[in-house]
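Pasting target_9.cif here (mmCIF, N, CA and C atoms and all ligand atoms):
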```
data_upload
#
loop_
_atom_site.group_PDB
_atom_site.id
_atom_site.type_symbol
_atom_site.label_atom_id
_atom_site.label_comp_id
_atom_site.auth_asym_id
_atom_site.auth_seq_id
_atom_site.Cartn_x
_atom_site.Cartn_y
_atom_site.Cartn_z
ATOM 1 N N MET A 1 122.073 103.210 72.444
ATOM 2 C CA MET A 1 121.413 103.470 71.164
ATOM 3 C C MET A 1 119.930 103.111 71.265
ATOM 4 N N VAL A 2 119.125 104.144 71.502
ATOM 5 C CA VAL A 2 117.685 103.937 71.664
ATOM 6 C C VAL A 2 116.913 104.858 70.726
ATOM 7 N N CYS A 3 115.681 104.523 70.448
ATOM 8 C CA CYS A 3 114.810 105.351 69.618
ATOM 9 C C CYS A 3 114.621 106.719 70.265
ATOM 10 N N ALA A 4 114.740 107.784 69.445
ATOM 11 C CA ALA A 4 114.609 109.133 69.977
ATOM 12 C C ALA A 4 113.177 109.444 70.398
ATOM 13 N N GLU A 5 112.251 108.665 69.909
ATOM 14 C CA GLU A 5 110.841 108.919 70.200
ATOM 15 C C GLU A 5 110.315 108.085 71.358
ATOM 16 N N CYS A 6 110.618 106.788 71.334
ATOM 17 C CA CYS A 6 109.975 105.910 72.314
ATOM 18 C C CYS A 6 110.963 105.216 73.249
ATOM 19 N N ASP A 7 112.284 105.496 73.075
ATOM 20 C CA ASP A 7 113.308 104.914 73.950
ATOM 21 C C ASP A 7 113.454 103.408 73.800
ATOM 22 N N TYR A 8 112.942 102.841 72.702
ATOM 23 C CA TYR A 8 113.129 101.410 72.452
ATOM 24 C C TYR A 8 114.597 101.142 72.158
ATOM 25 N N ASP A 9 115.137 100.050 72.685
ATOM 26 C CA ASP A 9 116.542 99.714 72.480
ATOM 27 C C ASP A 9 116.751 99.170 71.067
ATOM 28 N N LEU A 10 117.349 99.989 70.194
ATOM 29 C CA LEU A 10 117.491 99.640 68.777
ATOM 30 C C LEU A 10 118.576 98.597 68.524
ATOM 31 N N ARG A 11 119.343 98.229 69.530
ATOM 32 C CA ARG A 11 120.355 97.189 69.341
ATOM 33 C C ARG A 11 119.725 95.813 69.277
ATOM 34 N N GLU A 12 118.475 95.711 69.697
ATOM 35 C CA GLU A 12 117.770 94.439 69.626
ATOM 36 C C GLU A 12 117.028 94.356 68.307
ATOM 37 N N PHE A 13 117.557 93.568 67.392
ATOM 38 C CA PHE A 13 116.972 93.478 66.055
ATOM 39 C C PHE A 13 115.989 92.315 65.950
ATOM 40 N N LYS A 14 115.333 92.004 67.024
ATOM 41 C CA LYS A 14 114.398 90.880 67.017
ATOM 42 C C LYS A 14 113.084 91.271 66.355
ATOM 43 N N ASP A 15 112.738 92.548 66.466
ATOM 44 C CA ASP A 15 111.437 92.998 65.985
ATOM 45 C C ASP A 15 111.600 93.820 64.713
ATOM 46 N N GLU A 16 111.068 93.335 63.604
ATOM 47 C CA GLU A 16 111.238 94.019 62.315
ATOM 48 C C GLU A 16 110.518 95.354 62.249
ATOM 49 N N THR A 17 109.508 95.541 63.077
ATOM 50 C CA THR A 17 108.804 96.825 63.075
ATOM 51 C C THR A 17 109.592 97.888 63.817
ATOM 52 N N ARG A 18 110.731 97.471 64.400
ATOM 53 C CA ARG A 18 111.534 98.418 65.176
ATOM 54 C C ARG A 18 112.911 98.640 64.561
ATOM 55 N N LEU A 19 113.028 98.430 63.242
ATOM 56 C CA LEU A 19 114.310 98.684 62.593
ATOM 57 C C LEU A 19 114.654 100.165 62.713
ATOM 58 N N PRO A 20 115.931 100.486 62.917
ATOM 59 C CA PRO A 20 116.293 101.890 63.100
ATOM 60 C C PRO A 20 116.375 102.684 61.800
ATOM 61 N N TYR A 21 115.838 103.877 61.814
ATOM 62 C CA TYR A 21 115.956 104.816 60.700
ATOM 63 C C TYR A 21 116.682 106.064 61.190
ATOM 64 N N ASP A 22 117.479 106.665 60.314
ATOM 65 C CA ASP A 22 118.180 107.891 60.663
ATOM 66 C C ASP A 22 117.315 109.074 60.239
ATOM 67 N N VAL A 23 116.556 109.597 61.171
ATOM 68 C CA VAL A 23 115.646 110.713 60.890
ATOM 69 C C VAL A 23 116.191 111.959 61.581
ATOM 70 N N ARG A 24 116.711 112.889 60.788
ATOM 71 C CA ARG A 24 117.343 114.075 61.371
ATOM 72 C C ARG A 24 116.369 115.245 61.492
ATOM 73 N N LEU A 25 116.560 116.031 62.501
ATOM 74 C CA LEU A 25 115.728 117.209 62.681
ATOM 75 C C LEU A 25 116.145 118.280 61.684
ATOM 76 N N PRO A 26 115.192 119.008 61.093
ATOM 77 C CA PRO A 26 115.511 120.060 60.110
ATOM 78 C C PRO A 26 116.485 121.088 60.673
ATOM 79 N N GLU A 27 116.341 121.397 61.952
ATOM 80 C CA GLU A 27 117.208 122.412 62.557
ATOM 81 C C GLU A 27 118.580 121.867 62.932
ATOM 82 N N ARG A 28 118.709 120.514 62.915
ATOM 83 C CA ARG A 28 120.010 119.904 63.217
ATOM 84 C C ARG A 28 120.303 118.796 62.205
ATOM 85 N N PRO A 29 120.484 119.163 60.930
ATOM 86 C CA PRO A 29 120.618 118.165 59.851
ATOM 87 C C PRO A 29 121.875 117.308 59.952
ATOM 88 N N LYS A 30 122.863 117.755 60.705
ATOM 89 C CA LYS A 30 124.102 116.981 60.794
ATOM 90 C C LYS A 30 124.126 116.058 61.991
ATOM 91 N N ALA A 31 123.175 116.212 62.879
ATOM 92 C CA ALA A 31 123.142 115.388 64.079
ATOM 93 C C ALA A 31 122.410 114.089 63.805
ATOM 94 N N ARG A 32 123.093 112.978 63.999
ATOM 95 C CA ARG A 32 122.491 111.677 63.772
ATOM 96 C C ARG A 32 121.413 111.438 64.821
ATOM 97 N N ARG A 33 120.237 111.032 64.351
ATOM 98 C CA ARG A 33 119.132 110.821 65.272
ATOM 99 C C ARG A 33 118.391 109.575 64.828
ATOM 100 N N LEU A 34 118.487 108.533 65.633
ATOM 101 C CA LEU A 34 117.880 107.265 65.250
ATOM 102 C C LEU A 34 116.480 107.120 65.826
ATOM 103 N N VAL A 35 115.589 106.715 64.948
ATOM 104 C CA VAL A 35 114.200 106.512 65.343
ATOM 105 C C VAL A 35 113.779 105.142 64.828
ATOM 106 N N CYS A 36 113.021 104.420 65.599
ATOM 107 C CA CYS A 36 112.604 103.099 65.155
ATOM 108 C C CYS A 36 111.536 103.205 64.065
ATOM 109 N N ARG A 37 111.408 102.166 63.304
ATOM 110 C CA ARG A 37 110.492 102.139 62.165
ATOM 111 C C ARG A 37 109.053 102.443 62.583
ATOM 112 N N GLN A 38 108.696 101.969 63.761
ATOM 113 C CA GLN A 38 107.360 102.191 64.275
ATOM 114 C C GLN A 38 107.074 103.678 64.456
ATOM 115 N N CYS A 39 108.054 104.414 64.967
ATOM 116 C CA CYS A 39 107.857 105.835 65.285
ATOM 117 C C CYS A 39 107.945 106.732 64.061
ATOM 118 N N CYS A 40 108.586 106.267 62.968
ATOM 119 C CA CYS A 40 108.697 107.134 61.783
ATOM 120 C C CYS A 40 107.840 106.611 60.644
ATOM 121 N N ASN A 41 106.858 105.749 60.950
ATOM 122 C CA ASN A 41 105.897 105.320 59.937
ATOM 123 C C ASN A 41 106.592 104.658 58.749
ATOM 124 N N ASP A 42 107.437 103.654 59.021
ATOM 125 C CA ASP A 42 108.197 102.940 57.985
ATOM 126 C C ASP A 42 109.141 103.842 57.191
ATOM 127 N N GLY A 43 109.497 104.989 57.749
ATOM 128 C CA GLY A 43 110.376 105.913 57.036
ATOM 129 C C GLY A 43 109.616 106.806 56.071
ATOM 130 N N MET A 44 108.315 106.628 55.963
ATOM 131 C CA MET A 44 107.523 107.409 55.015
ATOM 132 C C MET A 44 107.454 108.877 55.412
ATOM 133 N N ASP A 45 107.380 109.130 56.697
ATOM 134 C CA ASP A 45 107.320 110.512 57.159
ATOM 135 C C ASP A 45 108.543 111.292 56.691
ATOM 136 N N GLU A 46 109.714 110.646 56.827
ATOM 137 C CA GLU A 46 110.955 111.306 56.442
ATOM 138 C C GLU A 46 111.021 111.496 54.927
ATOM 139 N N MET A 47 110.580 110.485 54.168
ATOM 140 C CA MET A 47 110.597 110.590 52.710
ATOM 141 C C MET A 47 109.694 111.731 52.246
ATOM 142 N N GLU A 48 108.536 111.830 52.877
ATOM 143 C CA GLU A 48 107.608 112.904 52.509
ATOM 144 C C GLU A 48 108.190 114.270 52.848
ATOM 145 N N ARG A 49 108.867 114.334 53.973
ATOM 146 C CA ARG A 49 109.464 115.607 54.391
ATOM 147 C C ARG A 49 110.539 116.031 53.389
ATOM 148 N N LEU A 50 111.398 115.080 52.997
ATOM 149 C CA LEU A 50 112.457 115.387 52.044
ATOM 150 C C LEU A 50 111.877 115.776 50.692
ATOM 151 N N ALA A 51 110.805 115.102 50.290
ATOM 152 C CA ALA A 51 110.161 115.415 49.007
ATOM 153 C C ALA A 51 109.588 116.816 49.052
ATOM 154 N N THR A 52 109.014 117.171 50.189
ATOM 155 C CA THR A 52 108.456 118.510 50.359
ATOM 156 C C THR A 52 109.559 119.560 50.273
ATOM 157 N N LEU A 53 110.667 119.275 50.925
ATOM 158 C CA LEU A 53 111.799 120.198 50.904
ATOM 159 C C LEU A 53 112.319 120.366 49.489
ATOM 160 N N ALA A 54 112.439 119.246 48.764
ATOM 161 C CA ALA A 54 112.997 119.270 47.410
ATOM 162 C C ALA A 54 112.076 120.038 46.467
ATOM 163 N N GLY A 55 110.753 119.992 46.756
ATOM 164 C CA GLY A 55 109.800 120.648 45.886
ATOM 165 C C GLY A 55 109.746 122.164 46.079
ATOM 166 N N LYS A 56 110.313 122.618 47.197
ATOM 167 C CA LYS A 56 110.267 124.053 47.477
ATOM 168 C C LYS A 56 111.601 124.716 47.183
ATOM 169 N N PRO A 57 111.674 125.607 46.252
ATOM 170 C CA PRO A 57 112.925 126.341 46.032
ATOM 171 C C PRO A 57 113.196 127.263 47.224
ATOM 172 N N SER A 58 114.391 127.216 47.751
ATOM 173 C CA SER A 58 114.683 128.002 48.947
ATOM 174 C C SER A 58 115.275 129.361 48.599
HETATM 175 ZN ZN ZN A 101 110.366 104.421 68.537
#
```
Translate the structure of the given file into structure tokens.
Ligand SMILES: [Zn+2]
Amino acid sequence: MVCAECDYDLREFKDETRLPYDVRLPERPKARRLVCRQCCNDGMDEMERLATLAGKPS
């Protein structure tokens, strides 16, 4: 279980900036993809992406 972006070992919870977030790719929404907090900007990137999606009628 490592970060999909930087390969950091997410099983080591010693570093709070490396907490794991479940950030899924738009093209693979059902595939679990863990990214550390550092790589997903505290989860803000994902929140913004979801907000953008929600704001657009498909
Ligand atoms: Zn990372």
Return as a VMD selection string the full set of residues in chain A whose backbone-based DSSP assignment is strand (DSSP E). chain A and resid 20 to 22 34 to 36
Residues proximal to (113.0, 111.6, 58.7) were defined as those with any atom within 8 Å of that point in the file's coordinates, counting only N, CA and C atoms. Which are they, as a list of chain:residue names?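 Those within range, by chain then number, are A:Tyr21, A:Asp22, A:Val23, A:Arg24, A:Leu25, A:Cys40, A:Gly43, A:Met44, A:Asp45, A:Glu46, A:Met47, A:Glu48, A:Arg49, A:Leu50.
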Atoms kept (N, CA and C atoms) for selection, written as a PDB file, keeping the file's coordinate frame:
```pdb
ATOM      1  N   TYR A  21     115.838 103.877  61.814  1.00  0.00           N
ATOM      2  CA  TYR A  21     115.956 104.816  60.700  1.00  0.00           C
ATOM      3  C   TYR A  21     116.682 106.064  61.190  1.00  0.00           C
ATOM      4  N   ASP A  22     117.479 106.665  60.314  1.00  0.00           N
ATOM      5  CA  ASP A  22     118.180 107.891  60.663  1.00  0.00           C
ATOM      6  C   ASP A  22     117.315 109.074  60.239  1.00  0.00           C
ATOM      7  N   VAL A  23     116.556 109.597  61.171  1.00  0.00           N
ATOM      8  CA  VAL A  23     115.646 110.713  60.890  1.00  0.00           C
ATOM      9  C   VAL A  23     116.191 111.959  61.581  1.00  0.00           C
ATOM     10  N   ARG A  24     116.711 112.889  60.788  1.00  0.00           N
ATOM     11  CA  ARG A  24     117.343 114.075  61.371  1.00  0.00           C
ATOM     12  C   ARG A  24     116.369 115.245  61.492  1.00  0.00           C
ATOM     13  N   LEU A  25     116.560 116.031  62.501  1.00  0.00           N
ATOM     14  CA  LEU A  25     115.728 117.209  62.681  1.00  0.00           C
ATOM     15  C   LEU A  25     116.145 118.280  61.684  1.00  0.00           C
ATOM     16  N   CYS A  40     108.586 106.267  62.968  1.00  0.00           N
ATOM     17  CA  CYS A  40     108.697 107.134  61.783  1.00  0.00           C
ATOM     18  C   CYS A  40     107.840 106.611  60.644  1.00  0.00           C
ATOM     19  N   GLY A  43     109.497 104.989  57.749  1.00  0.00           N
ATOM     20  CA  GLY A  43     110.376 105.913  57.036  1.00  0.00           C
ATOM     21  C   GLY A  43     109.616 106.806  56.071  1.00  0.00           C
ATOM     22  N   MET A  44     108.315 106.628  55.963  1.00  0.00           N
ATOM     23  CA  MET A  44     107.523 107.409  55.015  1.00  0.00           C
ATOM     24  C   MET A  44     107.454 108.877  55.412  1.00  0.00           C
ATOM     25  N   ASP A  45     107.380 109.130  56.697  1.00  0.00           N
ATOM     26  CA  ASP A  45     107.320 110.512  57.159  1.00  0.00           C
ATOM     27  C   ASP A  45     108.543 111.292  56.691  1.00  0.00           C
ATOM     28  N   GLU A  46     109.714 110.646  56.827  1.00  0.00           N
ATOM     29  CA  GLU A  46     110.955 111.306  56.442  1.00  0.00           C
ATOM     30  C   GLU A  46     111.021 111.496  54.927  1.00  0.00           C
ATOM     31  N   MET A  47     110.580 110.485  54.168  1.00  0.00           N
ATOM     32  CA  MET A  47     110.597 110.590  52.710  1.00  0.00           C
ATOM     33  C   MET A  47     109.694 111.731  52.246  1.00  0.00           C
ATOM     34  N   GLU A  48     108.536 111.830  52.877  1.00  0.00           N
ATOM     35  CA  GLU A  48     107.608 112.904  52.509  1.00  0.00           C
ATOM     36  C   GLU A  48     108.190 114.270  52.848  1.00  0.00           C
ATOM     37  N   ARG A  49     108.867 114.334  53.973  1.00  0.00           N
ATOM     38  CA  ARG A  49     109.464 115.607  54.391  1.00  0.00           C
ATOM     39  C   ARG A  49     110.539 116.031  53.389  1.00  0.00           C
ATOM     40  N   LEU A  50     111.398 115.080  52.997  1.00  0.00           N
ATOM     41  CA  LEU A  50     112.457 115.387  52.044  1.00  0.00           C
ATOM     42  C   LEU A  50     111.877 115.776  50.692  1.00  0.00           C
TER      43      LEU A  50
END
```
Using the chain letters and numbers from the file, which residues does the PyMOL selection byres (((not hetatm)) within 6 of (chain A and resi 101)) grab, as a list in words?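 After applying the PyMOL selection byres (((not hetatm)) within 6 of (chain A and resi 101)), what remains is Cys3, Ala4, Glu5, Cys6, Asp7, Tyr8, Val35, Cys36, Arg37, Gln38 and Cys39 of chain A.
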What's the separation between atom C of Glu12 of chain A and atom CA of Arg33 of chain A, in Å to one decimal place?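 About the pair atom C of Glu12 of chain A and atom CA of Arg33 of chain A: they are 16.9 Å apart.
Put simply, atom C of Leu19 of chain A is 13.3 Å away from atom C of Arg32 of chain A.
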Atom CA of Asn41 of chain A to atom N of Pro20 of chain A: how many Å, to one decimal? 11.5 Å
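Among A:Thr52, A:Asp42, A:Arg28, A:Leu34, the residue with the shortest atom-to-atom distance to Asp9 of chain A, counting only C-alpha atoms, is A:Leu34.
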Can you check which residues of chain A DSSP gives as alpha helix (DSSP H) on the backbone and send them as number ranges by chain? A: 44-55
